[in-house]
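Text of entry-v7.txt, listed as compact mmCIF, C-alpha atoms:
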# COMPACT_ATOMS: atom_id res chain seq x y z
CA MET A 18 -8.03 -18.92 31.99
CA VAL A 19 -11.08 -16.96 31.01
CA ARG A 20 -13.40 -16.29 33.93
CA PRO A 21 -15.97 -19.14 34.03
CA GLY A 22 -19.36 -18.39 32.53
CA VAL A 23 -18.26 -15.55 30.23
CA THR A 24 -20.31 -15.64 27.03
CA GLU A 25 -19.63 -14.23 23.59
CA ALA A 26 -22.63 -11.95 24.00
CA GLU A 27 -21.05 -10.48 27.14
CA VAL A 28 -17.81 -9.86 25.27
CA TRP A 29 -19.64 -8.09 22.43
CA GLU A 30 -21.51 -6.03 25.01
CA ALA A 31 -18.20 -4.99 26.60
CA LEU A 32 -16.80 -3.96 23.22
CA LYS A 33 -19.92 -2.03 22.26
CA ASP A 34 -18.79 1.49 23.10
CA LEU A 35 -15.13 1.34 22.05
CA THR A 36 -14.63 4.02 19.42
CA ASP A 37 -12.41 4.60 16.41
CA PRO A 38 -9.38 6.67 17.51
CA GLU A 39 -9.59 8.77 14.34
CA ILE A 40 -13.37 9.17 14.20
CA PRO A 41 -14.47 9.13 17.86
CA THR A 42 -18.19 9.33 17.10
CA LEU A 43 -18.03 5.92 15.44
CA THR A 44 -17.78 2.67 17.39
CA LEU A 45 -15.52 -0.17 16.27
CA VAL A 46 -18.50 -2.53 16.21
CA ASP A 47 -20.49 -0.19 13.93
CA LEU A 48 -17.45 0.31 11.71
CA GLY A 49 -17.40 -3.46 11.25
CA VAL A 50 -13.71 -3.99 12.01
CA ILE A 51 -14.39 -6.62 14.66
CA ARG A 52 -15.29 -9.77 12.77
CA GLU A 53 -15.55 -12.46 15.37
CA VAL A 54 -15.26 -13.17 19.04
CA GLU A 55 -14.45 -16.62 20.43
CA VAL A 56 -14.40 -17.56 24.07
CA GLY A 57 -12.19 -20.54 24.85
CA GLU A 58 -8.95 -20.93 26.82
CA LYS A 59 -8.59 -17.25 26.06
CA ILE A 60 -10.74 -14.67 24.33
CA VAL A 61 -9.82 -14.39 20.67
CA VAL A 62 -11.00 -11.30 18.81
CA ARG A 63 -10.66 -11.35 15.02
CA PHE A 64 -10.02 -7.89 13.69
CA THR A 65 -9.92 -6.59 10.11
CA PRO A 66 -8.60 -3.06 9.49
CA THR A 67 -10.20 -0.69 6.95
CA PHE A 68 -6.75 -0.09 5.44
CA LEU A 69 -3.78 -2.42 5.79
CA GLY A 70 -1.55 0.54 6.66
CA CYS A 71 -3.95 2.05 9.16
CA PRO A 72 -1.72 3.51 11.90
CA ALA A 73 -4.57 3.29 14.42
CA VAL A 74 -4.55 -0.53 14.39
CA ASP A 75 -2.18 -0.91 17.34
CA ARG A 76 -4.18 1.58 19.36
CA MET A 77 -7.42 -0.27 18.60
CA LYS A 78 -5.85 -3.63 19.51
CA GLN A 79 -4.68 -2.16 22.77
CA ASP A 80 -8.11 -0.68 23.51
CA ILE A 81 -9.76 -4.04 22.88
CA GLU A 82 -7.25 -5.89 25.07
CA GLU A 83 -7.65 -3.42 27.92
CA ARG A 84 -11.42 -3.52 27.70
CA LEU A 85 -11.58 -7.31 27.82
CA SER A 86 -8.76 -7.96 30.30
CA ARG A 87 -11.23 -8.27 33.19
CA PHE A 88 -12.57 -11.48 31.59
CA GLY A 89 -9.13 -13.12 31.34
CA PRO A 90 -6.40 -13.47 28.70
CA VAL A 91 -7.15 -11.80 25.37
CA GLU A 92 -5.64 -12.17 21.94
CA VAL A 93 -6.47 -9.81 19.09
CA VAL A 94 -5.74 -11.47 15.77
CA ILE A 95 -5.58 -9.47 12.55
CA ASP A 96 -7.64 -11.43 10.08
CA TYR A 97 -6.01 -10.91 6.68
CA ALA A 98 -7.96 -13.71 5.02
CA HIS A 99 -11.25 -11.78 5.25
CA PRO A 100 -10.63 -8.15 4.37
CA TRP A 101 -12.86 -5.27 5.46
CA THR A 102 -15.29 -3.93 2.89
CA PRO A 103 -17.64 -0.93 3.27
CA GLU A 104 -20.64 -3.28 3.41
CA ARG A 105 -19.44 -4.12 6.91
CA LEU A 106 -20.55 -0.69 8.16
CA SER A 107 -23.75 -0.95 10.18
CA GLU A 108 -26.75 1.30 9.46
CA ARG A 109 -25.98 3.16 12.68
CA GLY A 110 -22.34 3.45 11.62
CA LYS A 111 -23.39 5.08 8.36
CA LEU A 112 -25.60 7.51 10.25
CA MET A 113 -22.81 8.37 12.70
CA LEU A 114 -20.39 9.00 9.86
CA SER A 115 -22.80 11.30 8.14
CA LEU A 116 -23.54 13.19 11.38
CA ALA A 117 -19.79 13.62 11.85
CA GLY A 118 -19.70 15.35 8.45
CA PHE A 119 -18.41 12.56 6.25
CA ALA A 120 -19.94 11.89 2.88
CA LEU A 121 -20.56 8.28 2.00
CA PRO A 122 -20.73 7.13 -1.60
CA ASP A 123 -24.25 6.00 -2.62
CA ASP A 124 -23.16 2.57 -3.60
CA LEU A 125 -20.91 1.05 -0.98
CA GLY A 126 -20.35 -2.04 -3.09
CA ALA A 127 -19.20 -0.06 -6.15
CA GLU A 128 -15.82 -0.73 -7.69
CA VAL A 129 -13.33 1.90 -6.62
CA GLU A 130 -12.68 3.13 -10.13
CA GLU A 131 -16.25 4.20 -10.69
CA GLU A 132 -15.69 7.11 -8.30
CA ALA A 133 -19.11 6.63 -6.76
CA PRO A 134 -20.57 10.13 -6.34
CA ALA A 135 -21.16 11.49 -2.89
CA ALA A 136 -23.89 13.89 -1.75
CA CYS A 137 -22.65 16.94 0.15
CA PRO A 138 -22.93 16.20 3.90
CA HIS A 139 -23.66 19.90 4.60
CA CYS A 140 -26.49 20.69 2.17
CA GLY A 141 -27.29 17.40 0.45
CA SER A 142 -26.51 18.74 -3.03
CA ARG A 143 -25.32 16.26 -5.62
CA ALA A 144 -23.28 18.87 -7.47
CA THR A 145 -20.01 17.76 -5.92
CA THR A 146 -16.47 17.35 -7.16
CA LEU A 147 -13.73 15.01 -6.00
CA ILE A 148 -10.74 17.23 -5.18
CA ASN A 149 -8.29 14.69 -3.88
CA ARG A 150 -8.46 10.90 -3.67
CA PHE A 151 -6.28 11.22 -0.58
CA GLY A 152 -7.19 12.97 2.64
CA PRO A 153 -6.02 13.43 6.21
CA THR A 154 -6.12 9.69 6.88
CA ALA A 155 -5.83 6.68 4.57
CA CYS A 156 -9.58 6.01 4.69
CA ARG A 157 -10.71 9.49 3.64
CA ALA A 158 -10.83 11.50 0.40
CA LEU A 159 -11.64 15.19 -0.14
CA GLY A 160 -14.71 16.55 -1.93
CA TYR A 161 -16.09 20.01 -2.69
CA CYS A 162 -19.70 21.09 -2.95
CA ASN A 163 -20.37 23.35 -5.92
CA ASP A 164 -23.66 24.53 -4.37
CA CYS A 165 -22.83 25.45 -0.77
CA ARG A 166 -19.16 25.90 -1.69
CA GLN A 167 -17.84 23.95 1.25
CA PRO A 168 -15.17 21.29 1.25
CA PHE A 169 -15.99 17.97 2.88
CA GLU A 170 -14.46 14.58 3.56
CA ILE A 171 -15.54 11.37 1.87
CA PHE A 172 -15.26 7.99 3.54
CA LYS A 173 -13.54 5.79 0.98
CA VAL A 174 -15.13 2.78 -0.63
CA VAL A 175 -12.25 0.39 -0.11
CA MET B 5 5.12 -26.98 4.52
CA GLU B 6 8.34 -28.69 3.43
CA ALA B 7 11.62 -26.87 3.88
CA GLU B 8 12.35 -25.97 0.26
CA LEU B 9 8.88 -24.56 -0.31
CA LYS B 10 8.90 -22.71 2.99
CA SER B 11 12.21 -21.07 2.27
CA ALA B 12 11.16 -20.04 -1.27
CA TYR B 13 7.87 -18.67 0.02
CA ALA B 14 9.55 -16.65 2.78
CA ARG B 15 12.01 -15.26 0.26
CA TYR B 16 9.18 -14.28 -2.10
CA LEU B 17 7.24 -12.56 0.70
CA LEU B 18 10.36 -10.64 1.71
CA THR B 19 10.82 -9.56 -1.91
CA LEU B 20 7.26 -8.20 -2.00
CA ALA B 21 7.72 -6.53 1.36
CA ASP B 22 11.07 -4.97 0.46
CA ASP B 23 9.67 -3.51 -2.78
CA GLU B 24 6.81 -1.95 -0.87
CA ILE B 25 8.75 -0.58 2.09
CA VAL B 26 11.42 0.93 -0.15
CA ILE B 27 9.06 2.77 -2.49
CA GLY B 28 6.91 3.69 0.49
CA TYR B 29 9.88 5.17 2.32
CA ARG B 30 11.15 7.04 -0.72
CA ASP B 31 7.73 8.45 -1.56
CA SER B 32 7.19 9.55 2.04
CA GLU B 33 10.10 11.94 1.48
CA TRP B 34 7.77 14.08 -0.68
CA THR B 35 5.74 15.00 2.38
CA GLY B 36 6.19 18.74 2.69
CA VAL B 37 8.07 19.32 -0.55
CA ALA B 38 5.62 18.15 -3.25
CA PRO B 39 4.68 20.69 -5.96
CA VAL B 40 1.22 21.34 -4.47
CA ILE B 41 -0.17 20.75 -1.01
CA GLU B 42 -2.69 18.15 -2.24
CA GLU B 43 0.28 16.09 -3.33
CA ASP B 44 1.94 16.37 0.07
CA VAL B 45 -1.21 14.70 1.34
CA ALA B 46 -1.49 12.24 -1.55
CA PHE B 47 2.12 11.06 -1.43
CA SER B 48 1.94 10.70 2.35
CA SER B 49 -1.11 8.47 1.94
CA LEU B 50 0.43 6.49 -0.92
CA ALA B 51 3.53 5.92 1.17
CA GLN B 52 1.49 4.93 4.19
CA ASP B 53 -0.44 2.39 2.10
CA GLU B 54 2.74 0.83 0.72
CA ILE B 55 4.35 0.59 4.13
CA GLY B 56 1.12 -1.02 5.35
CA HIS B 57 1.39 -3.61 2.59
CA ALA B 58 5.04 -4.18 3.51
CA ARG B 59 4.04 -4.72 7.11
CA LEU B 60 1.52 -7.33 6.07
CA TYR B 61 4.05 -9.22 3.92
CA TYR B 62 6.66 -9.03 6.70
CA THR B 63 4.08 -10.42 9.12
CA LEU B 64 3.38 -13.39 6.84
CA ALA B 65 7.11 -13.96 6.30
CA GLY B 66 7.69 -13.61 10.03
CA LYS B 67 5.24 -16.45 10.72
CA LEU B 68 7.24 -18.74 8.44
CA LEU B 69 10.62 -17.68 9.76
CA GLY B 70 9.66 -17.29 13.40
CA LYS B 71 10.76 -13.65 13.34
CA ASP B 72 9.30 -10.35 14.40
CA PRO B 73 8.07 -8.32 11.39
CA ASP B 74 9.85 -5.16 12.64
CA HIS B 75 13.06 -7.12 12.84
CA LEU B 76 12.63 -8.30 9.24
CA ALA B 77 11.86 -4.76 8.11
CA LEU B 78 14.69 -2.96 9.86
CA LEU B 79 17.38 -5.26 11.19
CA ARG B 80 18.55 -7.36 8.27
CA PRO B 81 22.03 -6.85 6.83
CA LYS B 82 22.23 -4.33 4.00
CA ASP B 83 22.73 -6.98 1.31
CA GLY B 84 19.82 -9.03 2.62
CA TYR B 85 17.10 -6.83 1.05
CA TYR B 86 15.60 -7.96 -2.24
CA HIS B 87 13.74 -4.94 -3.63
CA ALA B 88 14.11 -3.95 -7.28
CA ARG B 89 16.78 -1.31 -7.83
CA LEU B 90 14.24 0.99 -9.49
CA LEU B 91 12.72 1.77 -6.13
CA GLU B 92 15.73 2.76 -4.06
CA ASP B 93 16.80 6.11 -5.53
CA ARG B 94 15.85 9.37 -3.92
CA THR B 95 13.65 11.61 -6.08
CA THR B 96 13.32 14.55 -3.69
CA PRO B 97 15.63 17.44 -2.87
CA LYS B 98 17.52 16.68 0.32
CA TYR B 99 17.36 18.79 3.41
CA ASP B 100 20.51 18.84 5.49
CA PRO B 101 20.33 20.09 9.08
CA ALA B 102 23.89 21.43 8.70
CA GLY B 103 22.75 23.65 5.83
CA ASN B 104 24.32 21.82 2.88
CA HIS B 105 20.97 21.19 1.23
CA GLN B 106 20.98 19.30 -2.03
CA GLY B 107 18.60 20.83 -4.50
CA GLY B 108 17.13 19.12 -7.51
CA GLY B 109 14.70 16.37 -6.97
CA ASP B 110 12.43 15.37 -9.76
CA TRP B 111 8.69 15.09 -9.47
CA ALA B 112 8.42 13.64 -12.98
CA ARG B 113 10.73 10.83 -11.99
CA ALA B 114 8.75 10.15 -8.83
CA ILE B 115 5.52 9.98 -10.85
CA ALA B 116 6.95 7.89 -13.70
CA ARG B 117 8.47 5.39 -11.29
CA ARG B 118 5.42 5.15 -9.08
CA PHE B 119 2.91 4.76 -11.90
CA LEU B 120 4.86 2.21 -13.92
CA TYR B 121 5.73 0.27 -10.76
CA ASP B 122 2.08 0.31 -9.69
CA LEU B 123 1.06 -1.17 -13.04
CA PHE B 124 3.61 -3.93 -12.46
CA ASP B 125 2.54 -4.48 -8.88
CA ASP B 126 -1.12 -4.69 -9.91
CA LEU B 127 -0.32 -7.59 -12.25
CA ARG B 128 1.78 -9.26 -9.58
CA VAL B 129 -0.90 -8.95 -6.90
CA GLU B 130 -3.52 -10.20 -9.36
CA GLY B 131 -1.54 -13.43 -9.42
CA LEU B 132 -1.92 -13.77 -5.64
CA LEU B 133 -5.73 -13.55 -5.56
CA ALA B 134 -6.17 -17.31 -5.91
CA SER B 135 -3.23 -18.21 -3.66
CA SER B 136 -3.43 -21.46 -1.73
CA ASP B 137 -2.47 -19.38 1.33
CA PRO B 138 -5.83 -17.88 2.37
CA GLU B 139 -4.16 -15.01 4.22
CA LEU B 140 -2.19 -13.97 1.15
CA ALA B 141 -5.28 -14.34 -1.06
CA GLY B 142 -7.42 -12.19 1.27
CA ALA B 143 -4.69 -9.59 1.61
CA ALA B 144 -4.25 -9.45 -2.18
CA GLU B 145 -7.93 -8.65 -2.59
CA LYS B 146 -7.63 -5.77 -0.11
CA ILE B 147 -4.37 -4.50 -1.58
CA ARG B 148 -5.87 -4.37 -5.07
CA ARG B 149 -8.79 -2.31 -3.83
CA GLU B 150 -6.41 0.15 -2.18
CA GLU B 151 -4.13 0.25 -5.20
CA LYS B 152 -6.99 1.30 -7.51
CA TYR B 153 -6.67 4.74 -5.93
CA HIS B 154 -2.96 4.74 -6.65
CA LEU B 155 -3.52 3.87 -10.30
CA ARG B 156 -6.13 6.62 -10.77
CA HIS B 157 -3.76 9.09 -9.13
CA GLY B 158 -0.87 7.96 -11.33
CA GLU B 159 -2.89 8.16 -14.55
CA ALA B 160 -3.96 11.73 -13.80
CA TRP B 161 -0.36 12.86 -13.19
CA TRP B 162 1.00 10.93 -16.18
CA ARG B 163 -1.43 12.81 -18.41
CA THR B 164 -0.70 16.13 -16.69
CA LEU B 165 3.04 15.80 -17.20
CA ALA B 166 2.81 14.44 -20.74
CA GLU B 167 0.37 17.10 -21.94
CA GLY B 168 1.35 19.95 -19.61
CA SER B 169 4.10 22.52 -19.99
CA VAL B 170 7.14 21.97 -22.19
CA GLU B 171 9.29 21.57 -19.09
CA ALA B 172 6.96 18.94 -17.60
CA ARG B 173 7.03 16.93 -20.81
CA GLU B 174 10.83 17.18 -21.10
CA ARG B 175 11.29 16.10 -17.52
CA LEU B 176 8.96 13.13 -17.96
CA GLU B 177 10.80 12.01 -21.10
CA ALA B 178 14.19 12.38 -19.41
CA ALA B 179 13.00 10.49 -16.34
CA LEU B 180 11.64 7.65 -18.47
CA GLU B 181 14.83 7.35 -20.44
CA ALA B 182 16.82 7.15 -17.23
CA ILE B 183 14.69 4.50 -15.54
CA TRP B 184 14.03 2.02 -18.38
CA PRO B 185 16.84 -0.41 -17.44
CA ASP B 186 15.59 -0.43 -13.85
CA LEU B 187 11.96 -0.80 -14.96
CA LEU B 188 12.93 -4.00 -16.73
CA GLY B 189 14.81 -5.03 -13.59
CA LEU B 190 11.42 -5.36 -11.87
CA PHE B 191 10.95 -8.66 -13.70
CA GLU B 192 13.96 -10.36 -12.16
CA PRO B 193 12.42 -13.30 -10.29
CA ALA B 194 13.11 -14.31 -6.72
CA PRO B 195 14.83 -17.70 -6.33
CA GLY B 196 12.41 -20.63 -6.23
CA GLU B 197 9.34 -19.00 -7.76
CA GLU B 198 8.59 -22.11 -9.87
CA VAL B 199 8.11 -24.11 -6.69
CA LEU B 200 5.59 -21.54 -5.48
CA VAL B 201 3.64 -21.75 -8.74
CA GLU B 202 3.53 -25.56 -8.46
CA ALA B 203 2.23 -25.28 -4.89
CA GLY B 204 -0.46 -22.81 -6.01
CA LEU B 205 0.86 -20.07 -3.73
CA ILE B 206 1.34 -17.70 -6.68
CA ALA B 207 -0.16 -17.92 -10.16
CA ARG B 208 2.78 -16.60 -12.18
CA THR B 209 6.52 -16.10 -11.88
CA THR B 210 7.73 -12.50 -11.89
CA ASP B 211 9.55 -12.78 -15.23
CA SER B 212 6.34 -13.93 -16.92
CA LEU B 213 4.73 -10.59 -16.03
CA ARG B 214 6.99 -8.70 -18.43
CA GLU B 215 4.94 -9.23 -21.59
CA PRO B 216 1.56 -8.43 -19.99
CA TRP B 217 3.13 -5.36 -18.39
CA LEU B 218 4.49 -4.12 -21.72
CA GLU B 219 1.03 -4.64 -23.24
CA ARG B 220 -0.47 -2.67 -20.42
CA VAL B 221 1.94 0.27 -20.31
CA TYR B 222 2.37 0.76 -24.07
CA PRO B 223 -1.04 2.49 -24.55
CA TYR B 224 -0.05 5.14 -21.98
CA PHE B 225 3.02 5.98 -24.09
CA GLU B 226 1.16 5.80 -27.37
CA ALA B 227 -1.69 8.04 -26.18
CA HIS B 228 0.73 10.92 -25.60
CA ALA B 229 3.31 10.04 -28.27
CA LEU B 230 5.95 9.45 -25.60
CA PRO B 231 9.09 7.69 -26.83
CA PHE B 232 8.94 3.93 -26.29
CA PRO B 233 12.22 2.00 -26.52
CA GLY B 234 11.00 -0.87 -28.67
CA GLU B 235 8.21 -2.30 -30.74
CA LYS B 236 6.18 -5.42 -31.09
CA ALA B 237 7.51 -7.99 -33.54
CA GLY B 238 4.79 -10.59 -34.03
CA ALA B 239 3.65 -11.70 -30.60
CA GLU B 240 6.84 -10.54 -28.84
CA TRP B 241 8.17 -7.20 -27.76
CA ARG B 242 11.65 -6.24 -28.95
CA LEU B 243 13.23 -3.69 -26.69
CA ARG B 244 16.36 -1.64 -27.23
CA VAL B 245 17.08 -1.54 -23.49
CA GLU B 246 18.81 -4.09 -21.32
CA ALA B 247 17.42 -4.80 -17.87
CA ARG B 248 19.56 -3.82 -14.92
CA THR B 249 19.09 -6.62 -12.42
CA GLY B 250 20.63 -7.74 -9.15
CA GLY B 251 18.12 -6.25 -6.74
CA ARG B 252 16.42 -9.59 -6.13
CA GLN B 253 19.84 -11.01 -5.16
CA GLY B 254 20.58 -8.22 -2.71
CA ILE B 255 22.82 -6.23 -5.08
CA HIS B 256 22.00 -2.53 -4.93
CA GLY B 257 23.39 0.90 -5.73
CA PRO B 258 24.28 4.14 -3.92
CA GLY B 259 20.60 5.02 -3.49
CA TRP B 260 20.27 2.01 -1.20
CA ASP B 261 23.45 2.87 0.75
CA GLU B 262 21.86 6.18 1.64
CA LEU B 263 18.39 4.84 2.29
CA TYR B 264 19.51 1.86 4.37
CA GLU B 265 21.48 4.11 6.70
CA GLU B 266 18.57 6.41 7.23
CA MET B 267 15.74 3.90 7.32
CA THR B 268 17.34 1.51 9.80
CA MET B 269 19.26 4.04 11.92
CA VAL B 270 16.87 4.32 14.84
CA ARG B 271 16.24 0.59 15.06
CA ARG B 272 19.94 -0.24 14.93
CA LEU B 273 20.70 2.24 17.72
CA GLU B 274 18.25 0.53 20.05
CA PRO B 275 17.20 -2.83 18.58
CA GLU B 276 14.85 -3.75 21.41
CA GLY B 277 13.49 -0.25 21.93
CA THR B 278 9.73 0.27 22.08
CA TRP B 279 7.54 3.33 22.23
Show me, as structure tokens, the structure contained in the file I just sent.
Amino acid sequence: MVRPGVTEAEVWEALKDLTDPEIPTLTLVDLGVIREVEVGEKIVVRFTPTFLGCPAVDRMKQDIEERLSRFGPVEVVIDYAHPWTPERLSERGKLMLSLAGFALPDDLGAEVEEEAPAACPHCGSRATTLINRFGPTACRALGYCNDCRQPFEIFKVV
Amino acid sequence: MEAELKSAYARYLLTLADDEIVIGYRDSEWTGVAPVIEEDVAFSSLAQDEIGHARLYYTLAGKLLGKDPDHLALLRPKDGYYHARLLEDRTTPKYDPAGNHQGGGDWARAIARRFLYDLFDDLRVEGLLASSDPELAGAAEKIRREEKYHLRHGEAWWRTLAEGSVEARERLEAALEAIWPDLLGLFEPAPGEEVLVEAGLIARTTDSLREPWLERVYPYFEAHALPFPGEKAGAEWRLRVEARTGGRQGIHGPGWDELYEEMTMVRRLEPEGTW
């Protein structure tokens, strides 16, 4: 049984500072991967990964379960019916990504094939080139700034 | 869900999952030995995506069958996997700890297979977008967004090999000639697909994707004057190649013997092991 009196707001509050294992400056709530919280017989958290093959999913599930275990039984359900889209990033999430050195495409709702251009996160220049659609993790691509001549990572619009 | 429908749906999901895990596993073998380091990274990501899609399909199948997705992925008998035969052959050189390395490996074959399979898979997943199973429909939407990156990657390499050095072009042509029978084997349907169409779970049977696929791939051959084993006669394509089928029935070749051993080895040693 869930501890009597626990509210959804309390659960959200408890989840607030859990961070992404691969980008620790970004919280899971700001990333938008936690869709819904329900408090009933148990606490059900609906979760939607940025990439279906994201290897950090199990770790995030475990973090959520551990964090909420003090309230009672917890179930983290992967919600395949409502996939993650970049619009789910909060304004703060976007800011945290950019402070961590990730470029974000201008138009988060753009179709993938348009290769939405990204401003260089180091100098802000728009003279950038996509070097590789694939980066160190599934959700990142690699760019290069032709002005400050630095490589950078792009957070993918998927 | 009634028994016949449930069993056909589970079989179809396993077929999707097996295709994805097998090409994902084979492409992961390029990690570390791709022609350029960017491609080590790219093929690792491509493989990771495909195995992620496989995991999702195994999870949905597992719900119907009451089985653990890992069990479905790694503990079925060797003739109980339904992937297309195209996907099971190794394309990399093989490292042997004892020193008997096998050279060879063919990047052109890896690219040709991946790109032409991706074009097939895109059509197949398109037919899942309006599925009466909301989880499959939502997943299909996500998968298509991820796969756009795969298609852009494949197009770039297709062009590079077709218009690159003489050796690249020759290797691409040889690879294509070798894989045509298996490419056509992709369109072998899983048993019971008609029932799934009637129930609105999928929009089209796998064999009905053949014509749209030919329409879609032909321009990539034509653009680079690559040999194409057939032509359009009226509204239909006439091909000079026979499909090699059997994969969807669990009949596979030596590539699968090798891959099955390796892929399932750890799980078979310790079926209940966790880490």
If you take only C-alpha atoms and a cut-off of 9 Å, which residues of chain B touch chain A, and what are their nearest atom pairs and distances in Å to one decimal, in chain and number order, as a tab-separated table?
residue	atom	partner	partner_atom	distance
B:Glu42	CA	A:Asn149	CA	6.8
B:Glu43	CA	A:Phe151	CA	8.6
B:Val45	CA	A:Gly152	CA	6.4
B:Ala46	CA	A:Phe151	CA	5.0
B:Phe47	CA	A:Phe151	CA	8.4
B:Ser48	CA	A:Phe151	CA	8.7
B:Ser49	CA	A:Ala155	CA	5.7
B:Leu50	CA	A:Phe151	CA	8.2
B:Gln52	CA	A:Gly70	CA	5.9
B:Asp53	CA	A:Gly70	CA	5.0
B:Glu54	CA	A:Gly70	CA	7.3
B:Ile55	CA	A:Gly70	CA	6.4
B:Gly56	CA	A:Gly70	CA	3.4
B:His57	CA	A:Leu69	CA	6.2
B:Ala58	CA	A:Gly70	CA	8.7
B:Arg59	CA	A:Gly70	CA	7.7
B:Leu60	CA	A:Leu69	CA	7.2
B:Asp137	CA	A:Ala98	CA	8.7
B:Pro138	CA	A:Ala98	CA	5.4
B:Glu139	CA	A:Ala98	CA	4.1
B:Leu140	CA	A:Ala98	CA	7.0
B:Ala141	CA	A:Ala98	CA	6.7
B:Gly142	CA	A:Ala98	CA	4.1
B:Ala143	CA	A:Tyr97	CA	5.4
B:Glu145	CA	A:Pro100	CA	7.5
B:Lys146	CA	A:Pro100	CA	5.9
B:Ile147	CA	A:Leu69	CA	7.7
B:Arg149	CA	A:Val175	CA	5.8
B:Glu150	CA	A:Val175	CA	6.2
B:Lys152	CA	A:Val129	CA	6.4
B:Tyr153	CA	A:Arg150	CA	6.8
B:His154	CA	A:Arg150	CA	8.8
B:Arg156	CA	A:Glu130	CA	7.4
B:His157	CA	A:Arg150	CA	7.4
Would you export the selected residues with C-alpha atoms as a compact mmCIF listing (two decimals), in the frame of the given file, please?
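File produced: again-v2.txt:
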# COMPACT_ATOMS: atom_id res chain seq x y z
CA GLU B 42 -2.69 18.15 -2.24
CA GLU B 43 0.28 16.09 -3.33
CA VAL B 45 -1.21 14.70 1.34
CA ALA B 46 -1.49 12.24 -1.55
CA PHE B 47 2.12 11.06 -1.43
CA SER B 48 1.94 10.70 2.35
CA SER B 49 -1.11 8.47 1.94
CA LEU B 50 0.43 6.49 -0.92
CA GLN B 52 1.49 4.93 4.19
CA ASP B 53 -0.44 2.39 2.10
CA GLU B 54 2.74 0.83 0.72
CA ILE B 55 4.35 0.59 4.13
CA GLY B 56 1.12 -1.02 5.35
CA HIS B 57 1.39 -3.61 2.59
CA ALA B 58 5.04 -4.18 3.51
CA ARG B 59 4.04 -4.72 7.11
CA LEU B 60 1.52 -7.33 6.07
CA ASP B 137 -2.47 -19.38 1.33
CA PRO B 138 -5.83 -17.88 2.37
CA GLU B 139 -4.16 -15.01 4.22
CA LEU B 140 -2.19 -13.97 1.15
CA ALA B 141 -5.28 -14.34 -1.06
CA GLY B 142 -7.42 -12.19 1.27
CA ALA B 143 -4.69 -9.59 1.61
CA GLU B 145 -7.93 -8.65 -2.59
CA LYS B 146 -7.63 -5.77 -0.11
CA ILE B 147 -4.37 -4.50 -1.58
CA ARG B 149 -8.79 -2.31 -3.83
CA GLU B 150 -6.41 0.15 -2.18
CA LYS B 152 -6.99 1.30 -7.51
CA TYR B 153 -6.67 4.74 -5.93
CA HIS B 154 -2.96 4.74 -6.65
CA ARG B 156 -6.13 6.62 -10.77
CA HIS B 157 -3.76 9.09 -9.13
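The environment of stretch 38-54 of chain A within 8 Å, counting all atoms listed in the file and disregarding residues fewer than 6 places along the same chain, consists of A:Glu25, A:Val28, A:Trp29, A:Leu32, A:Ile60, A:Val61, A:Val62, A:Arg63, A:Phe64, A:Thr65, A:Pro66, A:Thr67, A:Ala73, A:Arg76, A:Met77, A:Trp101, A:Arg105, A:Leu106, A:Ser107, A:Glu108, A:Arg109, A:Gly110, A:Met113, A:Leu114, A:Ala117.
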- prompt: Which distance in Å separates atom CA of B:Pro223 and atom CA of B:Glu159, to one decimal?
  reply: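 These two atoms are separated by 11.6 Å.
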message: Nearest residue to A:Ala135 out of A:Glu104, A:Gly22, A:Gly118, A:Ile171, using only C-alpha atoms?
response: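 Distance minimum relative to A:Ala135 lands on A:Ile171.
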message: As an exercise, work out the distance from atom CA of B:Ala51 to atom CA of B:Ser32 in Å and give it to one decimal place.
response: 5.2 Å
Take every atom of stretch 114-120 of chain B listed in the file, pad by 5 Å on each side, and give me the axis-aligned box centre and edge lengths in Å, one decimal, as AutoDock Vina command-line options.
--center_x 5.8 --center_y 6.2 --center_z -11.4 --size_x 15.8 --size_y 17.9 --size_z 15.1
message: Env of B:Thr96: 10 Å cut, atoms = all atoms listed in the file, seq-sep filter 2 positions within chain, self excluded. Answer as number ranges by chain.
response: B: 30-35, 37-38, 93-94, 98-99, 106-111, 113-114
field: Ref. answer, residues at most 12 Å from (-6.6, -19.0, 21.8) with only C-alpha atoms, as a PyMOL selection string
entry: chain A and resi 18-19+54-63+89-94
query: Between B:Gly189, B:Gly204, B:Gly158, B:Pro216, which is the closest to B:His87 once you count all atoms listed in the file?
result: B:Gly189
- request: Rank B:Val201, B:Val26, B:Leu263, B:Leu20 by their smallest atom-to-atom distance to B:Ser136, using all atoms listed in the file, and report the top residue only.
  value: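 For B:Ser136, the nearest of the candidates is B:Val201.
Across A:Gly141, A:Asp164, A:Asp37, A:Asp124, the tightest approach to A:Val74 is made by A:Asp37 when counting all atoms listed in the file.
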query: For the atom pair atom CA of B:Ala172 and atom CA of B:Tyr29, what is the interatomic distance in Å to one decimal place?
result: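 Between these atoms lies a distance of 24.4 Å.
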- request: Pull the neighbourhood of (17.9, -3.5, -7.5) for me: all residues within 9 Å in file coordinates, counting all atoms listed in the file, as an MDAnalysis selection string.
  value: chainID B and resid 86:92 186 189:190 248:257 260
